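> Below you'll find the structure I mean.
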2 protein chains.
Amino acid sequence: MATIKDVANDAGVAVGTVSKVLNGLHVSEENKKKVEASVAKLGYQMNYYARGLRTNDTYTIAVIVPDILNPFFACLVFYIEKELYQRGYKMFLCQSQKDVEKEVYYFKQVYQNRVDGIIGVTYNESEPFLSKDIPMVIIDRHFKTDICCVSSDNFHGGELAVEHLLAGGSSRLLFIRTGSKLESETLKRGQGFEQACLRQKVAYDMVDFGDDSDSYWEAEIFAYLKRHFQNGRLMFDGIYTSTDGLALAVLELLRQMDIQVPRDVQLVGHDGLRRMNRGAYMLSSIAQPVEEMAVASVENVIQLIHKEQVDHLTILPVTFVYGGTTRKV
Amino acid sequence: MATIKDVANDAGVAVGTVSKVLNGLHVSEENKKKVEASVAKLGYQMNYYARGLRTNDTYTIAVIVPDILNPFFACLVFYIEKELYQRGYKMFLCQSQKDVEKEVYYFKQVYQNRVDGIIGVTYNESEPFLSKDIPMVIIDRHFKTDICCVSSDNFHGGELAVEHLLAGGSSRLLFIRTGSKLESETLKRGQGFEQACLRQKVAYDMVDFGDDSDSYWEAEIFAYLKRHFQNGRLMFDGIYTSTDGLALAVLELLRQMDIQVPRDVQLVGHDGLRRMNRGAYMLSSIAQPVEEMAVASVENVIQLIHKEQVDHLTILPVTFVYGGTTRKV
């Protein structure tokens, strides 16, 4: 049976253009004709009409993230909204922060037929409020119920960080983590780091300061770094952090201790944040494929809405990006 | 006639709590009782029932911004969504970028009774598609039609920048601007700067590089700075930029020219961006009252939905914040 991708390939247009035509949105007359010809030729009418029969569809997806103050989530939501619009969907934005009630309120929008599906980044204990067959894609987190998950290769991210720290000449490595301790793909950053250190037989330590939504962790990290500062130098010369936000905080603490980055200590973050989300990389980092993760999440949730089969877990590749906090080799 | 604020004052709870009770959302049993008692006592039932008669209400607001990659807009949308939820409203997020069609698509959601109102930051030529009586609040921009505008005191922001540059010892000032040239409150940043320079009889220049959504402006600014670099120093020793994003780009260019900030040149941005939108200020800057602007926009749009009178223009105060790029005095 022809898929929307087959139609796009046949017509020589983007999948988004096909979606727009199917959803009655404006495209150029030329593209509209091409798409309609391919739809007819490939027999895509079946799906099209089947879809037309879903009269309760709202063409609305609720997107749940902790908040968009975090530039990584802002970037993710940016691409999700773009992709949803391309496919004729509107987006409710829900910033759940630590509010389980708010998250569950948006879950209920599905049961009440006010949204068709959900894409969520959730670190709340909200799973008990979910039904199994809800069209939902979770980014990074594992739920016990069979919810589709999209993530990036966090384990390899940890390995890549070690590889680049060693290549730049570091020999005593430290992994610093903050964040929720709930089971999620992101925990693999530390696991990849540890495996690579063991494989390379390099000295390392790992510390986890837990939930970073309160501010006391910065003081705790500062105290930790000071405890490991002897004879004018830090006991570690290569640091990998679980996020770029954390790396920026660590960079500031190192500055206050008069430790030069990357001369004395190399620093690798994780996420791949850019200045103003567009410019230069703010740090040497493991960049997540944010746009690809957004597109995969949108694709999967729309397939789930249409009761199509999707992979339970999608893992997308990460890359190392240079941002001035490692030595160039 | 009692307003929602009177009820909140009488009950000793936040306006948001009253809204939640009126909209059937969960609050503590204690607060619910307090609110219901005050509603009865003050005769707020009138409004309450009148509101109940608006059976077409969707309790949804469309929020239009260029994009949330820009941390200032992310921060604004963060507070708008929070405030809307407090008042029982959901939020469609529309990132219009340069797409007039997309912006107009969201305007139409109002005419089609799919949203109750709009809050927008718009730099598109979309005004012809607006009807006069649409419940809409525009941030910063002026429309010829009588659309309610919320902004901050941009003129005083320019004055404050000059005041702090002079206090730190600068005597040859430069204002650099990028962005849309459409009529908006933000143009007053340069006007305030110029007036303050004239009043203080200080030498100054002003340059406008226009639309900053493409990337070539960075090269143009670099060329401009190089042209004004003589005998090892820049002809200006104090720079004020129209946004923090621009200031960060200028800071990077100055670094490449081996010009020390704030030693050789002081730099003041505009917006008040923080590291990861929560931490330290990224630059010395004129901080906009983002949360207050968000709350005022939400308040105004809800009043417009209920056909209540609102001020045509709300201007909220700005403050100077220190972020390391000016001399401490």
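To be explicit about the labels: the chains of the structure tokens are called A, B, and onward in the order shown, and within each one the residues are counted from 1, while ligands get numbers from 1 in the order they are shown.
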With a distance cut-off of 7 Å and only C-alpha atoms, select the neighbouring residues of Val115 (chain B), excluding the residue or stretch itself and same-chain residues fewer than 5 positions from it, and output the selection as a ChimeraX atom specification.

/B:58,60-62,109-110

> Quick check: residues of chain B within 7 Å of chain A, only C-alpha atoms, returned as a ChimeraX atom specification.

/B:67-71,74-75,78,90-93,245,276-277

> Mind fitting chain A onto chain B over all Cα atoms in sequence order and sending the result as a short mmCIF file (atom, residue, chain, number, x, y, z; two decimals) with C-alpha atoms, in the first residue's frame?


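To be explicit, this is the file written out as out_20.cif:
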data_model
loop_
_atom_site.label_atom_id
_atom_site.label_comp_id
_atom_site.auth_asym_id
_atom_site.auth_seq_id
_atom_site.Cartn_x
_atom_site.Cartn_y
_atom_site.Cartn_z
CA MET A 1 -19.22 45.79 39.74
CA ALA A 2 -16.83 43.32 41.38
CA THR A 3 -13.88 42.16 39.28
CA ILE A 4 -11.91 38.95 39.52
CA LYS A 5 -9.22 40.92 41.37
CA ASP A 6 -11.74 42.04 44.00
CA VAL A 7 -12.69 38.42 44.54
CA ALA A 8 -9.03 37.42 44.85
CA ASN A 9 -8.36 40.23 47.36
CA ASP A 10 -11.43 39.40 49.40
CA ALA A 11 -10.65 35.68 49.46
CA GLY A 12 -6.97 36.30 50.12
CA VAL A 13 -5.88 34.12 47.19
CA ALA A 14 -4.21 34.70 43.83
CA VAL A 15 -6.22 35.78 40.79
CA GLY A 16 -5.15 32.49 39.18
CA THR A 17 -6.81 30.55 41.98
CA VAL A 18 -10.09 32.40 41.42
CA SER A 19 -9.83 31.63 37.69
CA LYS A 20 -9.23 28.00 38.40
CA VAL A 21 -12.34 27.78 40.59
CA LEU A 22 -14.43 29.61 37.99
CA ASN A 23 -13.15 27.27 35.28
CA GLY A 24 -13.68 24.13 37.33
CA LEU A 25 -9.98 23.32 37.67
CA HIS A 26 -8.55 21.71 40.77
CA VAL A 27 -7.66 23.87 43.78
CA SER A 28 -7.49 22.95 47.45
CA GLU A 29 -10.86 22.49 49.14
CA GLU A 30 -10.01 25.37 51.50
CA ASN A 31 -9.28 27.82 48.67
CA LYS A 32 -12.32 26.68 46.74
CA LYS A 33 -14.55 27.49 49.73
CA LYS A 34 -12.90 30.90 50.22
CA VAL A 35 -13.35 31.82 46.56
CA GLU A 36 -16.95 30.66 46.44
CA ALA A 37 -17.73 32.67 49.58
CA SER A 38 -16.19 35.82 48.09
CA VAL A 39 -17.92 35.27 44.75
CA ALA A 40 -21.26 35.10 46.55
CA LYS A 41 -20.50 38.01 48.88
CA LEU A 42 -19.31 40.40 46.14
CA GLY A 43 -21.97 39.44 43.62
CA TYR A 44 -19.41 38.23 41.12
CA GLN A 45 -22.04 35.78 39.91
CA MET A 46 -23.14 38.24 37.25
CA ASN A 47 -19.88 38.04 35.34
CA TYR A 48 -19.56 34.38 36.10
CA TYR A 49 -22.89 33.49 34.62
CA ALA A 50 -22.45 35.92 31.75
CA ARG A 51 -19.25 34.12 31.00
CA GLY A 52 -20.98 30.79 31.29
CA LEU A 53 -23.33 31.87 28.52
CA ARG A 54 -20.45 32.24 26.06
CA THR A 55 -20.95 28.67 24.93
CA ASN A 56 -18.67 29.03 21.95
CA ASP A 57 -15.62 29.69 24.10
CA THR A 58 -12.74 27.34 23.42
CA TYR A 59 -10.56 28.58 26.30
CA THR A 60 -7.73 28.58 23.80
CA ILE A 61 -5.46 31.47 22.85
CA ALA A 62 -3.17 31.45 19.83
CA VAL A 63 0.24 32.89 20.65
CA ILE A 64 2.22 34.06 17.62
CA VAL A 65 5.95 34.80 17.84
CA PRO A 66 8.65 34.82 15.14
CA ASP A 67 10.19 31.72 16.77
CA ILE A 68 11.21 30.41 20.19
CA LEU A 69 14.82 29.78 19.14
CA ASN A 70 15.28 33.37 20.28
CA PRO A 71 15.59 33.06 24.08
CA PHE A 72 13.71 36.31 24.63
CA PHE A 73 10.63 34.95 22.85
CA ALA A 74 11.05 31.58 24.58
CA CYS A 75 10.99 33.41 27.92
CA LEU A 76 7.95 35.46 26.90
CA VAL A 77 6.05 32.35 25.74
CA PHE A 78 7.07 30.55 28.95
CA TYR A 79 5.35 33.18 31.08
CA ILE A 80 2.34 33.54 28.75
CA GLU A 81 1.66 29.80 28.82
CA LYS A 82 2.01 29.71 32.63
CA GLU A 83 -0.39 32.61 33.05
CA LEU A 84 -2.91 31.23 30.55
CA TYR A 85 -2.97 27.86 32.32
CA GLN A 86 -3.50 29.60 35.67
CA ARG A 87 -6.59 31.17 34.15
CA GLY A 88 -7.89 27.96 32.59
CA TYR A 89 -6.72 28.60 29.02
CA LYS A 90 -4.74 26.40 26.65
CA MET A 91 -2.24 27.83 24.18
CA PHE A 92 -1.66 27.20 20.50
CA LEU A 93 1.91 28.11 19.68
CA CYS A 94 2.49 29.54 16.21
CA GLN A 95 6.00 30.39 15.09
CA SER A 96 5.36 32.67 12.15
CA GLN A 97 8.98 33.27 11.08
CA LYS A 98 8.56 35.17 7.81
CA ASP A 99 5.44 33.28 6.82
CA VAL A 100 2.49 35.69 6.51
CA GLU A 101 0.26 32.82 5.40
CA LYS A 102 0.93 30.94 8.64
CA GLU A 103 0.18 34.01 10.75
CA VAL A 104 -3.07 34.64 8.88
CA TYR A 105 -4.01 30.97 9.29
CA TYR A 106 -4.00 31.57 13.06
CA PHE A 107 -5.95 34.84 12.72
CA LYS A 108 -8.62 32.80 10.93
CA GLN A 109 -8.87 30.39 13.87
CA VAL A 110 -10.62 33.21 15.72
CA TYR A 111 -13.18 33.80 12.97
CA GLN A 112 -13.79 30.04 12.87
CA ASN A 113 -14.36 29.95 16.64
CA ARG A 114 -11.41 27.63 17.21
CA VAL A 115 -9.59 30.09 19.46
CA ASP A 116 -10.96 32.92 21.59
CA GLY A 117 -8.16 35.41 21.03
CA ILE A 118 -4.61 36.09 19.96
CA ILE A 119 -1.42 37.37 21.57
CA GLY A 120 1.15 38.21 18.95
CA VAL A 121 4.65 39.43 18.38
CA THR A 122 4.48 40.04 14.67
CA TYR A 123 6.81 41.64 12.18
CA ASN A 124 4.90 40.53 9.13
CA GLU A 125 2.71 42.61 6.81
CA SER A 126 -0.32 40.71 8.03
CA GLU A 127 -2.44 43.64 9.18
CA PRO A 128 -4.71 43.67 6.08
CA PHE A 129 -5.97 40.23 7.13
CA LEU A 130 -7.09 41.41 10.57
CA SER A 131 -10.57 42.55 11.42
CA LYS A 132 -10.92 45.45 13.82
CA ASP A 133 -12.85 43.68 16.55
CA ILE A 134 -10.69 40.60 16.89
CA PRO A 135 -9.71 40.00 20.56
CA MET A 136 -6.01 40.53 20.07
CA VAL A 137 -3.02 41.90 21.95
CA ILE A 138 0.14 42.78 20.07
CA ILE A 139 3.46 43.00 21.87
CA ASP A 140 5.74 45.90 20.83
CA ARG A 141 4.23 46.56 17.41
CA HIS A 142 1.74 49.26 16.41
CA PHE A 143 -1.00 48.37 14.02
CA LYS A 144 -3.01 51.08 12.30
CA THR A 145 -6.20 49.31 13.33
CA ASP A 146 -6.99 49.80 16.96
CA ILE A 147 -5.19 46.71 18.30
CA CYS A 148 -4.21 46.71 21.98
CA CYS A 149 -0.43 46.94 22.46
CA VAL A 150 1.75 45.84 25.41
CA SER A 151 5.36 46.94 25.51
CA SER A 152 8.15 48.06 27.81
CA ASP A 153 9.71 51.48 28.15
CA ASN A 154 12.09 51.23 25.21
CA PHE A 155 12.79 54.97 25.09
CA HIS A 156 13.92 54.99 28.71
CA GLY A 157 15.95 51.85 27.96
CA GLY A 158 18.02 53.83 25.46
CA GLU A 159 18.45 56.63 28.01
CA LEU A 160 19.50 54.18 30.73
CA ALA A 161 22.11 52.60 28.44
CA VAL A 162 23.71 56.01 27.80
CA GLU A 163 23.60 56.86 31.50
CA HIS A 164 25.46 53.67 32.47
CA LEU A 165 27.98 53.89 29.61
CA LEU A 166 28.84 57.46 30.67
CA ALA A 167 28.99 56.52 34.37
CA GLY A 168 31.53 53.81 33.45
CA GLY A 169 33.72 56.38 31.71
CA SER A 170 32.81 56.05 28.00
CA SER A 171 32.75 59.24 25.95
CA ARG A 172 32.30 58.17 22.31
CA LEU A 173 29.11 56.14 21.98
CA LEU A 174 27.73 53.89 19.27
CA PHE A 175 24.25 52.44 18.88
CA ILE A 176 23.96 49.35 16.68
CA ARG A 177 20.60 48.07 15.59
CA THR A 178 19.32 45.11 13.62
CA GLY A 179 15.74 44.02 13.05
CA SER A 180 12.54 44.89 11.21
CA LYS A 181 12.05 48.52 10.25
CA LEU A 182 8.28 48.30 10.61
CA GLU A 183 6.78 50.84 13.01
CA SER A 184 7.08 49.47 16.54
CA GLU A 185 7.82 50.45 20.11
CA THR A 186 11.28 48.89 19.85
CA LEU A 187 12.42 51.68 17.50
CA LYS A 188 12.33 53.93 20.57
CA ARG A 189 15.50 52.27 21.91
CA GLY A 190 17.55 54.28 19.42
CA GLN A 191 15.47 57.41 19.95
CA GLY A 192 16.07 57.32 23.72
CA PHE A 193 19.78 56.73 23.10
CA GLU A 194 20.00 59.71 20.74
CA GLN A 195 18.06 62.08 23.00
CA ALA A 196 20.25 61.18 25.98
CA CYS A 197 23.44 61.70 23.91
CA LEU A 198 22.23 65.12 22.75
CA ARG A 199 21.24 66.09 26.28
CA GLN A 200 24.64 64.99 27.64
CA LYS A 201 26.47 66.57 24.68
CA VAL A 202 28.38 63.36 24.05
CA ALA A 203 29.74 62.25 20.65
CA TYR A 204 27.74 59.38 19.15
CA ASP A 205 26.95 57.45 16.01
CA MET A 206 24.04 55.17 15.09
CA VAL A 207 23.96 52.36 12.54
CA ASP A 208 21.08 50.13 11.47
CA PHE A 209 21.84 46.88 9.69
CA GLY A 210 18.18 46.01 9.10
CA ASP A 211 16.62 42.56 9.12
CA ASP A 212 18.70 40.13 11.20
CA SER A 213 17.02 36.89 10.20
CA ASP A 214 19.66 36.32 7.53
CA SER A 215 23.27 35.97 8.54
CA TYR A 216 25.11 38.47 6.32
CA TRP A 217 24.65 41.30 8.85
CA GLU A 218 27.39 39.84 11.05
CA ALA A 219 29.93 40.34 8.24
CA GLU A 220 28.61 43.86 7.69
CA ILE A 221 29.00 44.77 11.36
CA PHE A 222 32.51 43.30 11.35
CA ALA A 223 33.41 45.45 8.32
CA TYR A 224 31.90 48.51 10.04
CA LEU A 225 33.92 47.93 13.23
CA LYS A 226 37.13 47.43 11.24
CA ARG A 227 36.55 50.67 9.33
CA HIS A 228 36.32 52.46 12.68
CA PHE A 229 39.49 50.91 14.10
CA GLN A 230 42.54 53.22 13.99
CA ASN A 231 45.95 53.23 15.70
CA GLY A 232 45.13 50.09 17.64
CA ARG A 233 41.84 51.28 19.03
CA LEU A 234 38.18 51.52 18.17
CA MET A 235 36.79 55.02 17.58
CA PHE A 236 34.01 54.18 20.06
CA ASP A 237 34.45 53.22 23.71
CA GLY A 238 30.83 52.53 24.56
CA ILE A 239 28.38 50.44 22.52
CA TYR A 240 24.64 49.94 23.03
CA THR A 241 22.89 47.34 20.89
CA SER A 242 19.19 46.93 20.15
CA THR A 243 19.16 43.33 21.49
CA ASP A 244 21.28 41.01 23.62
CA GLY A 245 21.55 38.61 20.70
CA LEU A 246 23.22 41.37 18.72
CA ALA A 247 25.43 42.29 21.70
CA LEU A 248 26.66 38.69 21.97
CA ALA A 249 27.58 38.76 18.27
CA VAL A 250 29.35 42.12 18.72
CA LEU A 251 31.20 40.79 21.79
CA GLU A 252 32.53 37.90 19.69
CA LEU A 253 33.61 40.28 16.89
CA LEU A 254 35.40 42.54 19.40
CA ARG A 255 37.20 39.48 20.79
CA GLN A 256 38.37 38.61 17.29
CA MET A 257 39.73 42.17 17.00
CA ASP A 258 41.55 41.78 20.34
CA ILE A 259 39.46 44.53 21.89
CA GLN A 260 38.86 43.90 25.60
CA VAL A 261 35.37 44.30 27.08
CA PRO A 262 34.82 46.26 29.33
CA ARG A 263 38.44 47.53 29.57
CA ASP A 264 38.64 49.08 26.08
CA VAL A 265 34.98 49.19 25.17
CA GLN A 266 31.90 48.94 27.37
CA LEU A 267 28.93 47.06 25.93
CA VAL A 268 25.25 47.28 26.91
CA GLY A 269 22.65 45.02 25.31
CA HIS A 270 18.88 45.12 25.51
CA ASP A 271 16.50 42.38 26.77
CA GLY A 272 18.21 41.09 29.90
CA LEU A 273 18.99 37.52 28.81
CA ARG A 274 20.31 35.10 31.41
CA ARG A 275 22.45 32.01 31.00
CA MET A 276 20.04 29.16 30.16
CA ASN A 277 17.25 31.71 30.80
CA ARG A 278 17.69 31.22 34.57
CA GLY A 279 21.28 31.90 35.61
CA ALA A 280 23.53 34.96 35.56
CA TYR A 281 22.97 37.83 33.12
CA MET A 282 24.90 37.17 29.94
CA LEU A 283 25.72 40.87 29.47
CA SER A 284 25.19 44.25 31.05
CA SER A 285 21.80 45.02 29.57
CA ILE A 286 18.48 46.81 29.69
CA ALA A 287 16.19 44.13 31.10
CA GLN A 288 12.62 43.96 29.87
CA PRO A 289 9.97 42.99 32.45
CA VAL A 290 9.13 39.81 30.54
CA GLU A 291 6.88 38.22 33.14
CA GLU A 292 4.90 41.44 33.64
CA MET A 293 4.53 41.85 29.87
CA ALA A 294 3.25 38.28 29.60
CA VAL A 295 0.76 38.73 32.43
CA ALA A 296 -0.49 42.07 31.04
CA SER A 297 -0.96 40.52 27.60
CA VAL A 298 -2.96 37.62 29.01
CA GLU A 299 -5.06 39.93 31.20
CA ASN A 300 -5.81 42.23 28.29
CA VAL A 301 -6.71 39.52 25.81
CA ILE A 302 -9.10 37.87 28.28
CA GLN A 303 -10.73 41.24 28.98
CA LEU A 304 -11.11 41.80 25.24
CA ILE A 305 -12.72 38.38 24.85
CA HIS A 306 -15.24 39.45 27.47
CA LYS A 307 -15.80 42.76 25.68
CA GLU A 308 -14.30 44.70 28.55
CA GLN A 309 -12.44 47.97 28.07
CA VAL A 310 -8.64 47.79 28.00
CA ASP A 311 -5.91 50.40 27.64
CA HIS A 312 -4.80 50.79 24.05
CA LEU A 313 -1.14 50.93 25.10
CA THR A 314 0.52 49.45 28.21
CA ILE A 315 4.15 50.44 28.80
CA LEU A 316 6.03 48.59 31.55
CA PRO A 317 9.27 49.77 33.20
CA VAL A 318 12.76 48.51 32.24
CA THR A 319 15.86 48.27 34.45
CA PHE A 320 19.61 48.24 33.94
CA VAL A 321 21.24 44.93 34.90
CA TYR A 322 24.95 44.35 35.37
CA GLY A 323 26.46 41.42 33.45
CA GLY A 324 30.20 42.04 33.29
CA THR A 325 30.44 44.03 30.03
CA THR A 326 30.42 47.47 31.71
CA ARG A 327 32.76 48.91 34.32
CA LYS A 328 31.51 48.71 37.88
CA VAL A 329 31.22 52.18 39.39
#

> Determine which residues of region 84-137 of chain A DSSP labels as strand (DSSP E or B) from the backbone of this structure, then write them out as a list of chain:residue names.

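Everything in region 84-137 of chain A that counts as strand (DSSP E or B) is A:Lys90, A:Met91, A:Phe92, A:Leu93, A:Cys94, A:Gln95, A:Gly117, A:Ile118, A:Ile119, A:Gly120, A:Met136, A:Val137.
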
> Could those selected residues go to a file with N, CA and C atoms, as an mmCIF file, in the first residue's frame?


data_model
loop_
_atom_site.group_PDB
_atom_site.id
_atom_site.type_symbol
_atom_site.label_atom_id
_atom_site.label_comp_id
_atom_site.auth_asym_id
_atom_site.auth_seq_id
_atom_site.Cartn_x
_atom_site.Cartn_y
_atom_site.Cartn_z
ATOM 1 N N LYS A 90 -1.983 21.662 14.460
ATOM 2 C CA LYS A 90 -1.688 22.732 15.411
ATOM 3 C C LYS A 90 -1.106 22.122 16.685
ATOM 4 N N MET A 91 -0.489 22.954 17.496
ATOM 5 C CA MET A 91 0.196 22.450 18.682
ATOM 6 C C MET A 91 -0.221 23.180 19.956
ATOM 7 N N PHE A 92 -0.721 22.428 20.925
ATOM 8 C CA PHE A 92 -0.858 22.960 22.278
ATOM 9 C C PHE A 92 0.491 22.822 22.958
ATOM 10 N N LEU A 93 0.981 23.893 23.544
ATOM 11 C CA LEU A 93 2.215 23.776 24.316
ATOM 12 C C LEU A 93 1.871 23.699 25.798
ATOM 13 N N CYS A 94 2.388 22.657 26.441
ATOM 14 C CA CYS A 94 2.204 22.494 27.890
ATOM 15 C C CYS A 94 3.572 22.416 28.546
ATOM 16 N N GLN A 95 3.855 23.374 29.419
ATOM 17 C CA GLN A 95 5.097 23.315 30.189
ATOM 18 C C GLN A 95 4.762 22.726 31.551
ATOM 19 N N GLY A 117 -3.246 13.486 19.796
ATOM 20 C CA GLY A 117 -2.116 12.733 20.337
ATOM 21 C C GLY A 117 -1.197 13.633 21.130
ATOM 22 N N ILE A 118 -0.160 13.002 21.686
ATOM 23 C CA ILE A 118 0.750 13.719 22.580
ATOM 24 C C ILE A 118 2.203 13.399 22.252
ATOM 25 N N ILE A 119 3.037 14.431 22.267
ATOM 26 C CA ILE A 119 4.486 14.239 22.248
ATOM 27 C C ILE A 119 4.995 14.807 23.570
ATOM 28 N N GLY A 120 5.732 14.021 24.312
ATOM 29 C CA GLY A 120 6.108 14.495 25.641
ATOM 30 C C GLY A 120 7.548 14.245 26.034
ATOM 31 N N MET A 136 0.778 8.351 21.674
ATOM 32 C CA MET A 136 1.734 9.175 22.406
ATOM 33 C C MET A 136 3.161 8.763 22.101
ATOM 34 N N VAL A 137 4.014 9.767 21.944
ATOM 35 C CA VAL A 137 5.445 9.544 21.757
ATOM 36 C C VAL A 137 6.164 10.259 22.889
#

> Based on the backbone DSSP call, show me all residues of region 22-202 of chain A assigned alpha helix (DSSP H), as JSON, numbers by chain.

{"A": [22, 29, 30, 31, 32, 33, 34, 35, 36, 37, 38, 39, 40, 41, 42, 45, 46, 47, 48, 49, 50, 51, 52, 71, 72, 73, 74, 75, 76, 77, 78, 79, 80, 81, 82, 83, 84, 85, 86, 100, 101, 102, 103, 104, 105, 106, 107, 108, 109, 110, 111, 154, 155, 156, 157, 158, 159, 160, 161, 162, 163, 164, 165, 166, 167, 188, 189, 190, 191, 192, 193, 194, 195, 196, 197, 198, 199, 200]}
